[in-house]
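Since the structure comes first, as structure tokens, the remarks are kept for the end.
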Amino acid sequence: MADSGLNLIVGLGNPGPKHDSNRHNAGVIFLHHLCKAYGGSLRGEAKFFGEYGSINIDGQDVKLLFPTTWMNHSGKSVAALCRFYKIDPATMLVAYDEIDFEVGVTRFKQGGGHGGHNGMRDIINALGGNRDFYRLRIGVGHPGHKSMVANYVLSDPSRAEADIIMEDIHNAIRVIPKAVKGNWGEAMRQLHTE
């Protein structure tokens, strides 16, 4: 794996209070907790079609973005910010819900396809097919059948599942400084064994 550090962290989800706790909002829940952990704040930014902020992690400024375009149009927001700040996608981490992982499994990954995730599909398309960015895949479990996925991800996890997902999010936040510095091997080892 390349050892690019991070300049941008994106958290995927849908806007509006009714979606705040949905499984599909695991990425933006991670982003909000990361932002809070480093004393940052997110504010609406029209030119980025989302909520934008910046935090400092061990001396490095990292931009934060929550696309408020709705999940399926996340790429419009990500591409706008990358263009404006001339951010190389290889220095970006996108956090999102992963139905192919059980609750309690959260993993970093670099590159690859969209895995059927519409937000990821739109980002890859908006970046001209560029897949060479990092991902934080937060396990939310699978409902058992493809036809049930849409309703499942747009519903809230049980209290027990939500607690486990939150624990995963906090474990990921603890290793983010290693990822920001480009120490991906160490960040992965720590996150994947916790």
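Here, A, B, ... name the chains of the structure tokens in the order displayed, residue numbers run from 1 inside each chain, and ligands are numbered from 1 in the same displayed order.
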
Exercise for review: Excluding Leu64 of chain A and any residue of its chain fewer than 4 positions from it, enumerate the residues within 7 Å of it, using only C-alpha atoms, and give them as a PyMOL selection string.
Suggested key: chain A and resi 8-10+52-54

Would you output that residue set with N, CA and C atoms, as a compact mmCIF listing (two decimals), in the first residue's frame?
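For reference, part-v6.txt as written:
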# COMPACT_ATOMS: atom_id res chain seq x y z
N LEU A 8 -7.80 15.16 3.22
CA LEU A 8 -9.26 15.29 3.23
C LEU A 8 -9.89 14.01 3.76
N ILE A 9 -10.87 14.18 4.66
CA ILE A 9 -11.67 13.05 5.15
C ILE A 9 -13.13 13.38 4.87
N VAL A 10 -13.81 12.46 4.17
CA VAL A 10 -15.20 12.63 3.78
C VAL A 10 -16.04 11.61 4.55
N TYR A 52 -18.62 21.68 5.59
CA TYR A 52 -17.17 21.67 5.46
C TYR A 52 -16.52 22.17 6.76
N GLY A 53 -15.36 21.64 7.08
CA GLY A 53 -14.59 22.12 8.22
C GLY A 53 -13.14 21.70 8.07
N SER A 54 -12.35 22.05 9.07
CA SER A 54 -10.93 21.71 9.04
C SER A 54 -10.48 21.46 10.47

Review point. Could you pull the residues within 8 Å of segment 186-191 of chain A, counting only C-alpha atoms, minus those fewer than 2 positions along the same chain, as a PyMOL selection string?
Key: chain A and resi 106-108+171-172+175-176+178-179+183-184+193-194

Practice item. Excluding Gln60 of chain A and residues on its chain fewer than 3 positions from it, collect all residues at most 9 Å away from it, counting only C-alpha atoms, and give them as a ChimeraX atom specification. Key: /A:6-7,55-57,180-181

Point to revise | Neighbour list for Met166 of chain A as number ranges by chain, cut-off 9 Å, only C-alpha atoms, skip fewer than 6 positions in-chain | key: A: 26, 29-30

Check your understanding: For Lys109 of chain A, which of A:Cys82, A:Ile138, A:Ile173, A:His19 is the closest residue, counting only C-alpha atoms?
Key -> A:Ile138

Review point. Smallest atom-to-atom distance to Ile123 of chain A: which of A:Lys47, A:Lys76, A:Arg83, A:His24, using only C-alpha atoms?
Key: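 Looking at the shortest contact to Ile123 of chain A, the residue is A:Lys76.
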
**Study point:** Per-residue DSSP, segment 13-167 of chain A, filtered to strand (DSSP E or B), as a PyMOL selection string
**Key:** chain A and resi 43-45+50-57+60-67+92-98+106-110+134-139

Exercise for review: Considering only C-alpha atoms, return as JSON, numbers by chain whatever protein or nucleic-acid residues lie within 12 Å of Gly50 of chain A, sequence-local ones (same chain, fewer than 6 positions apart) excluded.
Suggested key: {"A": [10, 11, 12, 13, 14, 15, 28, 42, 43, 44, 64, 65, 66, 67, 68, 69, 70, 71, 73, 74, 75, 76, 77, 78, 79, 80, 81]}

**Study point:** Coordinates-based distance that separates atom CA of Tyr38 of chain A from atom CA of Glu98 of chain A (Å, one decimal)
**Key:** 25.1 Å

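Taking atom CA of Tyr85 of chain A and atom CA of Gly39 of chain A as endpoints, the distance between them is 22.2 Å.
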
Check your understanding: What is the distance between atom CA of Arg23 of chain A and atom CA of Tyr134 of chain A, in Å to one decimal?
Key -> 20.4 Å

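For segment 100-134 of chain A, the set of residues given alpha helix (DSSP H) by DSSP on the backbone reads Asn118, Gly119, Met120, Arg121, Asp122, Ile123, Ile124, Asn125 and Ala126 of chain A.
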
Considering only C-alpha atoms, return as a PDB file with N, CA and C atoms, in the first residue's frame whatever protein or nucleic-acid residues lie within 7 Å of Val103 of chain A, sequence-local ones (same chain, fewer than 5 positions apart) excluded.
ATOM      1  N   GLY A 139     -18.784  -1.568   9.250  1.00  0.00           N
ATOM      2  CA  GLY A 139     -19.735  -2.666   9.115  1.00  0.00           C
ATOM      3  C   GLY A 139     -21.080  -2.375   9.760  1.00  0.00           C
ATOM      4  N   VAL A 140     -22.155  -2.540   8.971  1.00  0.00           N
ATOM      5  CA  VAL A 140     -23.512  -2.343   9.499  1.00  0.00           C
ATOM      6  C   VAL A 140     -24.363  -3.604   9.334  1.00  0.00           C
ATOM      7  N   GLY A 141     -23.766  -4.675   8.779  1.00  0.00           N
ATOM      8  CA  GLY A 141     -24.510  -5.916   8.594  1.00  0.00           C
ATOM      9  C   GLY A 141     -25.384  -5.897   7.343  1.00  0.00           C
ATOM     10  N   GLU A 161     -26.565  -2.821  18.443  1.00  0.00           N
ATOM     11  CA  GLU A 161     -25.740  -2.635  17.239  1.00  0.00           C
ATOM     12  C   GLU A 161     -25.138  -1.230  17.198  1.00  0.00           C
ATOM     13  N   ILE A 164     -22.101  -0.957  19.311  1.00  0.00           N
ATOM     14  CA  ILE A 164     -20.928  -1.611  18.713  1.00  0.00           C
ATOM     15  C   ILE A 164     -20.362  -0.742  17.582  1.00  0.00           C
ATOM     16  N   ILE A 165     -21.254  -0.200  16.747  1.00  0.00           N
ATOM     17  CA  ILE A 165     -20.816   0.678  15.652  1.00  0.00           C
ATOM     18  C   ILE A 165     -20.080   1.895  16.222  1.00  0.00           C
TER      19      ILE A 165
END

Point to revise | Top pick for closest residue to Leu136 of chain A, considering A:Glu167, A:Glu102, A:Glu45, A:Asp97 and counting only C-alpha atoms | key: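 Smallest separation from Leu136 of chain A among the options: A:Asp97.
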
Point to revise | Gly112 of chain A environment, 10 Å, only C-alpha atoms, sequence neighbours closer than 3 positions dropped, as a list in words | key: Lys109, Gly115, Ile124, Asn130, Arg131, Asp132, Phe133, Tyr134 and Arg135 of chain A
